[in-house]
Amino acid sequence: MNVKISRNAAKVLQLELNKEENQGLLVRVQVTHKHGDHAHYGLGLDDKTANDVVVNTDKGIDVLLDQSEPLLDGIRIDYFYTPEEGFMITNPSKGNHGDH
């Protein structure tokens with residue numbers, strides 16, 4: 001499985017991972033809703049479970065993905081400051097380029 005993280009997203013995620021209360025946790029991306037050939041994604045911090053795969057990224061942040069969910073393979077995690085500050089997760093490899 002493959003995950004891309006933008007520089008802005010990596011900075012924000014690393015700040016969260018460095019907090020004392022988050023020690024030992026990993027970034028998790030999950031499908032919160034899917035319809036047709038695209039999905040809506042959720043992002044959080046979590047522990048690894050038996051069904052997870054840990055994906056190493058080029059930004060040094062490991063991401064947990066449910067290995068049985070094909071819509072997670074190829075996701076891109078971005079962080080934007082404008083027009084609204086926040087994360088956006090898309091999957092260009094599956095044709096999902098929008099606000100999901």
# chains A, B, ... in the order shown; residues from 1 in each chain; ligands from 1
>>> closest_atom_pairs(of="stretch 28-66 of chain A", to="stretch 3-6 of chain A", cutoff="8 Å", atoms="only C-alpha atoms", output="Markdown table")
| residue | atom | partner | partner_atom | distance |
| --- | --- | --- | --- | --- |
| A:Val55 | CA | A:Val3 | CA | 6.9 |
| A:Asn56 | CA | A:Val3 | CA | 7.9 |
| A:Thr57 | CA | A:Val3 | CA | 6.4 |
| A:Asp58 | CA | A:Lys4 | CA | 7.6 |
| A:Lys59 | CA | A:Ile5 | CA | 6.9 |
| A:Val63 | CA | A:Val3 | CA | 7.7 |
>>> select_by_dssp(residues="chain A", states="strand (DSSP E)", output="PDB file with N, CA, C and O atoms, in the first residue's frame")
ATOM      1  N   VAL A   3       1.167   5.611   0.528  1.00  0.00           N
ATOM      2  CA  VAL A   3       0.624   6.839   1.111  1.00  0.00           C
ATOM      3  C   VAL A   3       1.584   7.980   0.812  1.00  0.00           C
ATOM      4  O   VAL A   3       2.799   7.832   0.973  1.00  0.00           O
ATOM      5  N   LYS A   4       1.046   9.102   0.388  1.00  0.00           N
ATOM      6  CA  LYS A   4       1.833  10.324   0.202  1.00  0.00           C
ATOM      7  C   LYS A   4       1.356  11.353   1.228  1.00  0.00           C
ATOM      8  O   LYS A   4       0.161  11.482   1.470  1.00  0.00           O
ATOM      9  N   ILE A   5       2.313  12.079   1.798  1.00  0.00           N
ATOM     10  CA  ILE A   5       2.005  13.134   2.757  1.00  0.00           C
ATOM     11  C   ILE A   5       2.697  14.412   2.308  1.00  0.00           C
ATOM     12  O   ILE A   5       3.907  14.402   2.046  1.00  0.00           O
ATOM     13  N   LEU A  26       0.230   5.919  16.333  1.00  0.00           N
ATOM     14  CA  LEU A  26       0.537   6.138  14.922  1.00  0.00           C
ATOM     15  C   LEU A  26      -0.637   6.854  14.262  1.00  0.00           C
ATOM     16  O   LEU A  26      -1.768   6.818  14.758  1.00  0.00           O
ATOM     17  N   VAL A  27      -0.377   7.470  13.131  1.00  0.00           N
ATOM     18  CA  VAL A  27      -1.414   8.119  12.342  1.00  0.00           C
ATOM     19  C   VAL A  27      -2.260   7.028  11.682  1.00  0.00           C
ATOM     20  O   VAL A  27      -1.716   6.080  11.117  1.00  0.00           O
ATOM     21  N   ARG A  28      -3.583   7.151  11.790  1.00  0.00           N
ATOM     22  CA  ARG A  28      -4.481   6.209  11.125  1.00  0.00           C
ATOM     23  C   ARG A  28      -5.361   6.976  10.142  1.00  0.00           C
ATOM     24  O   ARG A  28      -5.930   8.011  10.475  1.00  0.00           O
ATOM     25  N   VAL A  29      -5.480   6.423   8.927  1.00  0.00           N
ATOM     26  CA  VAL A  29      -6.465   6.909   7.963  1.00  0.00           C
ATOM     27  C   VAL A  29      -7.445   5.767   7.745  1.00  0.00           C
ATOM     28  O   VAL A  29      -7.041   4.618   7.574  1.00  0.00           O
ATOM     29  N   GLN A  30      -8.725   6.104   7.787  1.00  0.00           N
ATOM     30  CA  GLN A  30      -9.748   5.083   7.584  1.00  0.00           C
ATOM     31  C   GLN A  30     -10.830   5.620   6.658  1.00  0.00           C
ATOM     32  O   GLN A  30     -10.975   6.833   6.494  1.00  0.00           O
ATOM     33  N   VAL A  31     -11.551   4.708   6.071  1.00  0.00           N
ATOM     34  CA  VAL A  31     -12.698   5.073   5.246  1.00  0.00           C
ATOM     35  C   VAL A  31     -13.881   5.233   6.188  1.00  0.00           C
ATOM     36  O   VAL A  31     -14.240   4.314   6.915  1.00  0.00           O
ATOM     37  N   THR A  32     -14.469   6.433   6.196  1.00  0.00           N
ATOM     38  CA  THR A  32     -15.619   6.681   7.061  1.00  0.00           C
ATOM     39  C   THR A  32     -16.938   6.456   6.330  1.00  0.00           C
ATOM     40  O   THR A  32     -17.947   6.172   6.949  1.00  0.00           O
ATOM     41  N   HIS A  33     -16.900   6.586   5.005  1.00  0.00           N
ATOM     42  CA  HIS A  33     -18.098   6.392   4.196  1.00  0.00           C
ATOM     43  C   HIS A  33     -17.646   6.169   2.764  1.00  0.00           C
ATOM     44  O   HIS A  33     -16.730   6.841   2.298  1.00  0.00           O
ATOM     45  N   LYS A  34     -18.273   5.247   2.070  1.00  0.00           N
ATOM     46  CA  LYS A  34     -17.951   5.078   0.659  1.00  0.00           C
ATOM     47  C   LYS A  34     -19.220   4.880  -0.146  1.00  0.00           C
ATOM     48  O   LYS A  34     -20.199   4.338   0.343  1.00  0.00           O
ATOM     49  N   HIS A  35     -19.155   5.383  -1.366  1.00  0.00           N
ATOM     50  CA  HIS A  35     -20.254   5.221  -2.297  1.00  0.00           C
ATOM     51  C   HIS A  35     -19.678   5.248  -3.693  1.00  0.00           C
ATOM     52  O   HIS A  35     -18.781   6.021  -3.998  1.00  0.00           O
ATOM     53  N   HIS A  38     -15.666   5.973  -4.846  1.00  0.00           N
ATOM     54  CA  HIS A  38     -14.844   6.868  -4.035  1.00  0.00           C
ATOM     55  C   HIS A  38     -15.292   6.845  -2.576  1.00  0.00           C
ATOM     56  O   HIS A  38     -16.334   6.301  -2.245  1.00  0.00           O
ATOM     57  N   ALA A  39     -14.438   7.424  -1.739  1.00  0.00           N
ATOM     58  CA  ALA A  39     -14.654   7.320  -0.298  1.00  0.00           C
ATOM     59  C   ALA A  39     -14.456   8.663   0.388  1.00  0.00           C
ATOM     60  O   ALA A  39     -13.835   9.563  -0.150  1.00  0.00           O
ATOM     61  N   HIS A  40     -14.975   8.734   1.590  1.00  0.00           N
ATOM     62  CA  HIS A  40     -14.703   9.834   2.511  1.00  0.00           C
ATOM     63  C   HIS A  40     -13.770   9.262   3.565  1.00  0.00           C
ATOM     64  O   HIS A  40     -13.974   8.137   4.034  1.00  0.00           O
ATOM     65  N   TYR A  41     -12.763  10.029   3.960  1.00  0.00           N
ATOM     66  CA  TYR A  41     -11.714   9.522   4.832  1.00  0.00           C
ATOM     67  C   TYR A  41     -11.710  10.225   6.180  1.00  0.00           C
ATOM     68  O   TYR A  41     -12.063  11.391   6.279  1.00  0.00           O
ATOM     69  N   GLY A  42     -11.280   9.496   7.197  1.00  0.00           N
ATOM     70  CA  GLY A  42     -11.083  10.039   8.526  1.00  0.00           C
ATOM     71  C   GLY A  42      -9.633   9.891   8.920  1.00  0.00           C
ATOM     72  O   GLY A  42      -8.936   8.973   8.462  1.00  0.00           O
ATOM     73  N   LEU A  43      -9.153  10.786   9.770  1.00  0.00           N
ATOM     74  CA  LEU A  43      -7.753  10.820  10.188  1.00  0.00           C
ATOM     75  C   LEU A  43      -7.698  10.925  11.701  1.00  0.00           C
ATOM     76  O   LEU A  43      -8.457  11.689  12.305  1.00  0.00           O
ATOM     77  N   GLY A  44      -6.811  10.168  12.311  1.00  0.00           N
ATOM     78  CA  GLY A  44      -6.648  10.232  13.756  1.00  0.00           C
ATOM     79  C   GLY A  44      -5.375   9.532  14.188  1.00  0.00           C
ATOM     80  O   GLY A  44      -4.570   9.119  13.355  1.00  0.00           O
ATOM     81  N   LEU A  45      -5.195   9.409  15.494  1.00  0.00           N
ATOM     82  CA  LEU A  45      -4.058   8.690  16.054  1.00  0.00           C
ATOM     83  C   LEU A  45      -4.588   7.435  16.724  1.00  0.00           C
ATOM     84  O   LEU A  45      -5.643   7.463  17.368  1.00  0.00           O
ATOM     85  N   ASP A  46      -3.849   6.317  16.590  1.00  0.00           N
ATOM     86  CA  ASP A  46      -4.379   5.047  17.073  1.00  0.00           C
ATOM     87  C   ASP A  46      -3.235   4.059  17.285  1.00  0.00           C
ATOM     88  O   ASP A  46      -2.089   4.304  16.894  1.00  0.00           O
ATOM     89  N   ASP A  52      -4.159  -4.296  10.481  1.00  0.00           N
ATOM     90  CA  ASP A  52      -3.493  -3.105   9.949  1.00  0.00           C
ATOM     91  C   ASP A  52      -2.178  -3.431   9.254  1.00  0.00           C
ATOM     92  O   ASP A  52      -1.490  -4.387   9.603  1.00  0.00           O
ATOM     93  N   VAL A  53      -1.850  -2.584   8.316  1.00  0.00           N
ATOM     94  CA  VAL A  53      -0.528  -2.558   7.728  1.00  0.00           C
ATOM     95  C   VAL A  53       0.057  -1.181   8.066  1.00  0.00           C
ATOM     96  O   VAL A  53      -0.664  -0.190   8.064  1.00  0.00           O
ATOM     97  N   VAL A  54       1.342  -1.126   8.385  1.00  0.00           N
ATOM     98  CA  VAL A  54       2.020   0.136   8.667  1.00  0.00           C
ATOM     99  C   VAL A  54       2.760   0.547   7.406  1.00  0.00           C
ATOM    100  O   VAL A  54       3.630  -0.182   6.919  1.00  0.00           O
ATOM    101  N   VAL A  55       2.417   1.711   6.876  1.00  0.00           N
ATOM    102  CA  VAL A  55       3.041   2.217   5.654  1.00  0.00           C
ATOM    103  C   VAL A  55       4.028   3.307   6.034  1.00  0.00           C
ATOM    104  O   VAL A  55       3.665   4.289   6.683  1.00  0.00           O
ATOM    105  N   ASN A  56       5.289   3.120   5.642  1.00  0.00           N
ATOM    106  CA  ASN A  56       6.319   4.131   5.871  1.00  0.00           C
ATOM    107  C   ASN A  56       6.250   5.151   4.743  1.00  0.00           C
ATOM    108  O   ASN A  56       6.149   4.774   3.580  1.00  0.00           O
ATOM    109  N   ASP A  62       4.835   7.145   9.900  1.00  0.00           N
ATOM    110  CA  ASP A  62       4.194   5.873   9.597  1.00  0.00           C
ATOM    111  C   ASP A  62       2.684   6.036   9.693  1.00  0.00           C
ATOM    112  O   ASP A  62       2.178   6.704  10.590  1.00  0.00           O
ATOM    113  N   VAL A  63       1.978   5.393   8.766  1.00  0.00           N
ATOM    114  CA  VAL A  63       0.519   5.505   8.700  1.00  0.00           C
ATOM    115  C   VAL A  63      -0.101   4.113   8.785  1.00  0.00           C
ATOM    116  O   VAL A  63       0.326   3.197   8.086  1.00  0.00           O
ATOM    117  N   LEU A  64      -1.104   3.976   9.650  1.00  0.00           N
ATOM    118  CA  LEU A  64      -1.854   2.729   9.772  1.00  0.00           C
ATOM    119  C   LEU A  64      -2.993   2.712   8.769  1.00  0.00           C
ATOM    120  O   LEU A  64      -3.752   3.675   8.659  1.00  0.00           O
ATOM    121  N   LEU A  65      -3.104   1.595   8.037  1.00  0.00           N
ATOM    122  CA  LEU A  65      -4.199   1.399   7.098  1.00  0.00           C
ATOM    123  C   LEU A  65      -4.783   0.013   7.300  1.00  0.00           C
ATOM    124  O   LEU A  65      -4.045  -0.943   7.567  1.00  0.00           O
ATOM    125  N   ASP A  66      -6.087  -0.119   7.145  1.00  0.00           N
ATOM    126  CA  ASP A  66      -6.740  -1.428   7.156  1.00  0.00           C
ATOM    127  C   ASP A  66      -6.370  -2.109   5.843  1.00  0.00           C
ATOM    128  O   ASP A  66      -6.744  -1.654   4.766  1.00  0.00           O
ATOM    129  N   ILE A  75      -3.594   6.809  -1.082  1.00  0.00           N
ATOM    130  CA  ILE A  75      -4.119   8.071  -0.552  1.00  0.00           C
ATOM    131  C   ILE A  75      -3.037   9.147  -0.470  1.00  0.00           C
ATOM    132  O   ILE A  75      -1.843   8.844  -0.418  1.00  0.00           O
ATOM    133  N   ARG A  76      -3.492  10.378  -0.461  1.00  0.00           N
ATOM    134  CA  ARG A  76      -2.621  11.543  -0.285  1.00  0.00           C
ATOM    135  C   ARG A  76      -3.203  12.373   0.854  1.00  0.00           C
ATOM    136  O   ARG A  76      -4.389  12.707   0.843  1.00  0.00           O
ATOM    137  N   ILE A  77      -2.334  12.699   1.838  1.00  0.00           N
ATOM    138  CA  ILE A  77      -2.740  13.511   2.978  1.00  0.00           C
ATOM    139  C   ILE A  77      -2.146  14.904   2.802  1.00  0.00           C
ATOM    140  O   ILE A  77      -0.925  15.056   2.730  1.00  0.00           O
ATOM    141  N   ASP A  78      -3.019  15.906   2.703  1.00  0.00           N
ATOM    142  CA  ASP A  78      -2.598  17.300   2.561  1.00  0.00           C
ATOM    143  C   ASP A  78      -3.083  18.097   3.761  1.00  0.00           C
ATOM    144  O   ASP A  78      -4.030  17.696   4.444  1.00  0.00           O
ATOM    145  N   TYR A  79      -2.444  19.237   3.985  1.00  0.00           N
ATOM    146  CA  TYR A  79      -2.904  20.171   5.004  1.00  0.00           C
ATOM    147  C   TYR A  79      -2.897  21.558   4.390  1.00  0.00           C
ATOM    148  O   TYR A  79      -1.876  22.001   3.853  1.00  0.00           O
ATOM    149  N   PHE A  80      -4.037  22.228   4.438  1.00  0.00           N
ATOM    150  CA  PHE A  80      -4.164  23.553   3.838  1.00  0.00           C
ATOM    151  C   PHE A  80      -4.446  24.592   4.914  1.00  0.00           C
ATOM    152  O   PHE A  80      -5.122  24.312   5.904  1.00  0.00           O
ATOM    153  N   GLY A  86      -7.008  22.946   7.662  1.00  0.00           N
ATOM    154  CA  GLY A  86      -7.360  21.563   7.973  1.00  0.00           C
ATOM    155  C   GLY A  86      -6.780  20.577   6.980  1.00  0.00           C
ATOM    156  O   GLY A  86      -6.171  20.944   5.975  1.00  0.00           O
ATOM    157  N   PHE A  87      -6.980  19.304   7.307  1.00  0.00           N
ATOM    158  CA  PHE A  87      -6.491  18.217   6.471  1.00  0.00           C
ATOM    159  C   PHE A  87      -7.473  17.927   5.346  1.00  0.00           C
ATOM    160  O   PHE A  87      -8.686  18.108   5.496  1.00  0.00           O
ATOM    161  N   MET A  88      -6.934  17.434   4.235  1.00  0.00           N
ATOM    162  CA  MET A  88      -7.749  16.914   3.146  1.00  0.00           C
ATOM    163  C   MET A  88      -7.088  15.624   2.685  1.00  0.00           C
ATOM    164  O   MET A  88      -5.880  15.602   2.414  1.00  0.00           O
ATOM    165  N   ILE A  89      -7.866  14.573   2.631  1.00  0.00           N
ATOM    166  CA  ILE A  89      -7.356  13.286   2.192  1.00  0.00           C
ATOM    167  C   ILE A  89      -8.076  12.913   0.905  1.00  0.00           C
ATOM    168  O   ILE A  89      -9.303  12.914   0.841  1.00  0.00           O
ATOM    169  N   THR A  90      -7.304  12.599  -0.117  1.00  0.00           N
ATOM    170  CA  THR A  90      -7.848  12.192  -1.404  1.00  0.00           C
ATOM    171  C   THR A  90      -7.130  10.920  -1.840  1.00  0.00           C
ATOM    172  O   THR A  90      -6.135  10.514  -1.240  1.00  0.00           O
TER     173      THR A  90
END
>>> closest_residue(among="A:Leu25, A:Leu15, A:Ala9, A:Met1", to="A:Ser68", atoms="only C-alpha atoms")
A:Met1
>>> closest_residue(among="A:Lys48, A:Lys94, A:Lys19, A:Lys11", to="A:Leu71", atoms="only C-alpha atoms")
A:Lys94
>>> atom_distance(atom1="atom CA of A:Ala10", atom2="atom CA of A:Gly60")
8.3 Å
>>> select_by_dssp(residues="chain A", states="helix (DSSP H, G or I)", output="PyMOL selection string")
chain A and resi 7-17+20-22+70-72+92-94
>>> atom_distance(atom1="atom CA of A:Ile61", atom2="atom CA of A:Asp37")
27.3 Å
>>> atom_distance(atom1="atom CA of A:Asn2", atom2="atom CA of A:Gly95")
15.0 Å
